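Some notes on the structure that comes next.
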Amino acid sequence: MPILLLHVHEHCNCRCLMCDIWQKTDGKELDLTDFARHRESILRLGVQEVVLTGGEALLHRGFEKLCEFLRECGVRVTLLTTGLLLAKRADAVARGVDEVIVSIDGPDQVHDQVRRVKGAHRLIGKGIEAVRERRPDMPVNARSTVQKANYRFIRQTVAGAKLLGLDSISFLATDLTSQAFNRDEVWPIVRQDEVALSRNEVKALEEEVEALIRENAEDFRTKYIVEPPEKMRRIVRRFKEHLGECAPLAPMCNAPWVSAVVEVDGTVRPCFFHEKIGNLAGKTLEQVINGEEAQRFRASLEVESNSICQRCVCSLNYKQGEVLAISEKI
């Protein structure tokens with residue numbers, strides 16, 4: 001299992017339009033003492049990379065100790081973050097992290113609107129500068145979620161990422177139909193419509209994507225824009241699928257066979273979107289990953305026909321032996 005995604009903290013310091021995590025009032029953080037007992041599992045499972053996520057991972061009071069533990073296990077550490085705390089915790093990030101992926105949802109005003117945090121874009125810029133002062137070689141990449149508030153600004157989002165000094169940017173469609181991201185149930189249609197696109201808006205997005213492909217050919221060639229043109233067009237297709245204009249099409253994905261997600265309470269999932277395959281209470285990570293429930297799920301899962309996979313907005317297609325670059329795979 002080369003990749004482990006680890007929920008570090010259940011709270012978040014943004015109030016994003018497309019996410020409900022920030023609504024959690026009783027959020028907890030990962031118990032480091034308890035997690036340390038999985039050292040042998042991490043080694044025996046052959047984990048190569050741990051992705052720290054949340055909520056906001058930098059809210060964890062023991063963030064630096066967690067990174068030290070993971071580095072002692074010999075794994076590469078990637079941080080997914082809103083970026084608001086990068087400047088404040090730049091020392092810990094520079095010492096303990098190998099790659100940072102920052103959420104960028106548009107040029108400055110659009111990003112702040114989506115995140116509902118005044119000055120969020122500016123704080124990200126300060127954070128990147130602070131980390132780079134300490135680690136000039138630190139890869140800092142961007143991830144942007146396309147939805148109603150920012151679909152007209154894809155090209156401006158790329159330009160803004162360059163101004164911030166980011167090394168690359170990747171895009172994905174907003175998730176509309178799962179129970180991930182602290183949703184107690186699937187969003188009702190009214191809530192989905194707040195971030196989904198209408199037919200006219202999908203047409204405008206398609207025009208924006210095609211303009212990006214024409215005007216930013218060099219960015220695609222160098223992989224500054226991580227997704228190739230066909231994957232950018234797939235984002236448009238996701239919104240068309242939601243409108244019933246075409247049948248849902250599952251991406252190529254092997255996440256349940258090469259990765260796992262561990263939540264703060266010990267719940268283990270094969271990815272962000274599928275049901276749990278076990279819990280770490282009284283068990284090791286290795287026991288859960290190779291347990292009967294997990295094996296049964298993997299043996300029965302057919303990605304092409306599974307309804308959750310068909311509507312998935314992100315995917316992992318890891319090939320054995322390749323150098324991990326999580327920004328290109330999730």
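As shown in the structure tokens, the chain order sets the letters A, B, ...; within each chain, residues go from 1, and ligands are also counted from 1 in the order they appear.
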Spatial neighbours of A:Lys162, max dist 12 Å, only C-alpha atoms, sep filter under 4 positions, as number ranges by chain: A: 104, 106-107, 125, 128, 140-142, 155-158, 166-169, 219, 224-225
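If you count only C-alpha atoms and ignore residues fewer than 3 places along the chain from A:Asn290, what sits within 12 Å of it is Met1, Ser41, Arg44, Leu45, Pro256, Trp257, Ala260, Val268, Pro270, Ile277, Gly278, Lys283, Thr284, Leu285, Glu286, Gln287, Glu293, Ala294, Gln295, Arg296, Phe297, Arg298 and Ala299 of chain A.
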Limited to C-alpha atoms, could you put the picked residues into a file as a PDB file, in the first residue's frame?
ATOM      1  CA  MET A   1       0.000   0.000   0.000  1.00  0.00           C
ATOM      2  CA  SER A  41       2.140  -1.623   9.857  1.00  0.00           C
ATOM      3  CA  ARG A  44       5.217  -3.821   6.551  1.00  0.00           C
ATOM      4  CA  LEU A  45       2.608  -2.395   4.166  1.00  0.00           C
ATOM      5  CA  PRO A 256      -8.667   0.816  -3.161  1.00  0.00           C
ATOM      6  CA  TRP A 257      -5.776  -1.466  -4.113  1.00  0.00           C
ATOM      7  CA  ALA A 260      -6.312   3.952   2.109  1.00  0.00           C
ATOM      8  CA  VAL A 268     -10.457   3.299   7.487  1.00  0.00           C
ATOM      9  CA  PRO A 270     -10.537   2.587   0.595  1.00  0.00           C
ATOM     10  CA  ILE A 277     -13.666  -1.136   5.479  1.00  0.00           C
ATOM     11  CA  GLY A 278     -12.855  -1.214   9.197  1.00  0.00           C
ATOM     12  CA  LYS A 283      -6.468  -3.431  15.560  1.00  0.00           C
ATOM     13  CA  THR A 284      -3.372  -2.465  13.631  1.00  0.00           C
ATOM     14  CA  LEU A 285      -3.522  -0.711  10.298  1.00  0.00           C
ATOM     15  CA  GLU A 286      -2.191  -3.839   8.635  1.00  0.00           C
ATOM     16  CA  GLN A 287      -4.926  -5.969  10.175  1.00  0.00           C
ATOM     17  CA  GLU A 293     -14.052  -6.822   5.167  1.00  0.00           C
ATOM     18  CA  ALA A 294     -11.379  -4.974   3.192  1.00  0.00           C
ATOM     19  CA  GLN A 295     -10.520  -7.996   1.067  1.00  0.00           C
ATOM     20  CA  ARG A 296     -14.174  -8.640   0.365  1.00  0.00           C
ATOM     21  CA  PHE A 297     -14.681  -5.045  -0.763  1.00  0.00           C
ATOM     22  CA  ARG A 298     -11.672  -5.059  -3.089  1.00  0.00           C
ATOM     23  CA  ALA A 299     -12.622  -8.423  -4.569  1.00  0.00           C
TER      24      ALA A 299
END
Strand (DSSP E) positions in stretch 130-270 of chain A, given as a list in words: Val140, Asn141, Ala142, Arg143, Ser144, Thr145, Val146, Ile169, Ser170, Phe171, Leu172, Ala173, Ser259, Ala260, Val261, Val262, Thr267, Val268 and Arg269 of chain A
For the selection you just gave me, I'd like the residues written to a file as a short mmCIF file (atom, residue, chain, number, x, y, z; two decimals), in the first residue's frame, keeping N, CA, C and O atoms.
data_model
loop_
_atom_site.label_atom_id
_atom_site.label_comp_id
_atom_site.auth_asym_id
_atom_site.auth_seq_id
_atom_site.Cartn_x
_atom_site.Cartn_y
_atom_site.Cartn_z
N VAL A 140 5.70 23.57 -3.99
CA VAL A 140 4.41 24.06 -3.52
C VAL A 140 3.49 24.15 -4.74
O VAL A 140 3.74 24.94 -5.66
N ASN A 141 2.48 23.30 -4.75
CA ASN A 141 1.58 23.19 -5.90
C ASN A 141 0.18 23.62 -5.52
O ASN A 141 -0.15 23.76 -4.34
N ALA A 142 -0.66 23.83 -6.52
CA ALA A 142 -2.02 24.30 -6.29
C ALA A 142 -3.03 23.26 -6.75
O ALA A 142 -2.77 22.50 -7.69
N ARG A 143 -4.15 23.23 -6.08
CA ARG A 143 -5.31 22.41 -6.45
C ARG A 143 -6.52 23.31 -6.49
O ARG A 143 -6.77 24.06 -5.55
N SER A 144 -7.28 23.25 -7.58
CA SER A 144 -8.45 24.12 -7.73
C SER A 144 -9.68 23.27 -8.01
O SER A 144 -9.65 22.37 -8.86
N THR A 145 -10.76 23.56 -7.29
CA THR A 145 -12.02 22.85 -7.45
C THR A 145 -12.98 23.73 -8.26
O THR A 145 -13.33 24.83 -7.84
N VAL A 146 -13.41 23.22 -9.40
CA VAL A 146 -14.25 23.99 -10.31
C VAL A 146 -15.71 23.87 -9.89
O VAL A 146 -16.22 22.77 -9.69
N ILE A 169 -0.43 23.59 -11.09
CA ILE A 169 -1.82 23.66 -10.66
C ILE A 169 -2.60 22.53 -11.29
O ILE A 169 -2.37 22.16 -12.45
N SER A 170 -3.48 21.93 -10.50
CA SER A 170 -4.35 20.87 -11.02
C SER A 170 -5.79 21.26 -10.74
O SER A 170 -6.08 22.08 -9.87
N PHE A 171 -6.71 20.68 -11.52
CA PHE A 171 -8.13 21.01 -11.41
C PHE A 171 -8.96 19.75 -11.25
O PHE A 171 -8.60 18.68 -11.76
N LEU A 172 -10.08 19.88 -10.56
CA LEU A 172 -11.08 18.82 -10.51
C LEU A 172 -12.45 19.46 -10.35
O LEU A 172 -12.57 20.60 -9.90
N ALA A 173 -13.48 18.72 -10.73
CA ALA A 173 -14.85 19.21 -10.56
C ALA A 173 -15.26 19.07 -9.11
O ALA A 173 -14.79 18.17 -8.40
N SER A 259 -4.01 2.32 -1.87
CA SER A 259 -4.07 3.39 -0.87
C SER A 259 -5.19 3.15 0.12
O SER A 259 -6.01 2.24 -0.06
N ALA A 260 -5.22 3.98 1.14
CA ALA A 260 -6.31 3.95 2.11
C ALA A 260 -6.40 5.31 2.77
O ALA A 260 -5.43 6.07 2.81
N VAL A 261 -7.59 5.61 3.31
CA VAL A 261 -7.82 6.85 4.04
C VAL A 261 -8.09 6.50 5.50
O VAL A 261 -8.95 5.66 5.79
N VAL A 262 -7.36 7.12 6.41
CA VAL A 262 -7.58 6.92 7.84
C VAL A 262 -8.11 8.21 8.44
O VAL A 262 -7.48 9.27 8.33
N THR A 267 -11.56 5.35 11.66
CA THR A 267 -12.25 4.76 10.52
C THR A 267 -11.29 4.66 9.34
O THR A 267 -10.54 5.60 9.05
N VAL A 268 -11.31 3.52 8.65
CA VAL A 268 -10.46 3.30 7.49
C VAL A 268 -11.36 3.11 6.27
O VAL A 268 -12.29 2.31 6.28
N ARG A 269 -11.07 3.87 5.22
CA ARG A 269 -11.82 3.78 3.97
C ARG A 269 -10.87 3.46 2.82
O ARG A 269 -9.69 3.81 2.88
#
Test item: residues at most 12 Å from A:Thr33, only C-alpha atoms, excluding those fewer than 3 positions along its chain, as a list in words: Glu29, Leu30, Ala36, Arg37, His38, Arg39, Gly62, Lys65, Leu66 and Phe69 of chain A
Keeping only C-alpha atoms, take the residues you just selected and write them out as a compact mmCIF listing (two decimals), in the first residue's frame.
# COMPACT_ATOMS: atom_id res chain seq x y z
CA GLU A 29 -7.48 15.87 16.11
CA LEU A 30 -5.47 12.70 15.52
CA ALA A 36 2.41 5.68 16.75
CA ARG A 37 1.46 2.06 17.43
CA HIS A 38 1.01 1.59 13.67
CA ARG A 39 4.71 2.08 12.92
CA GLY A 62 1.36 18.17 17.43
CA LYS A 65 5.84 15.66 16.05
CA LEU A 66 3.61 13.83 13.58
CA PHE A 69 7.31 10.30 13.32
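Of the residues listed (A:Arg214, A:Lys126, A:Lys231, A:Arg134), A:Lys126 shows the shortest atom-to-atom separation from A:Lys88; distances use only C-alpha atoms.
Residue nearest A:Gln310 within the list A:Glu194, A:Glu206, A:Asp112, A:Glu241: A:Glu241 [criterion: smallest interatomic distance, only C-alpha atoms].
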Neighbour list for A:Arg233 as a VMD selection string, cut-off 10 Å, only C-alpha atoms, skip fewer than 5 positions in-chain: chain A and resid 205 to 206 209 to 210 213 227 to 228 238
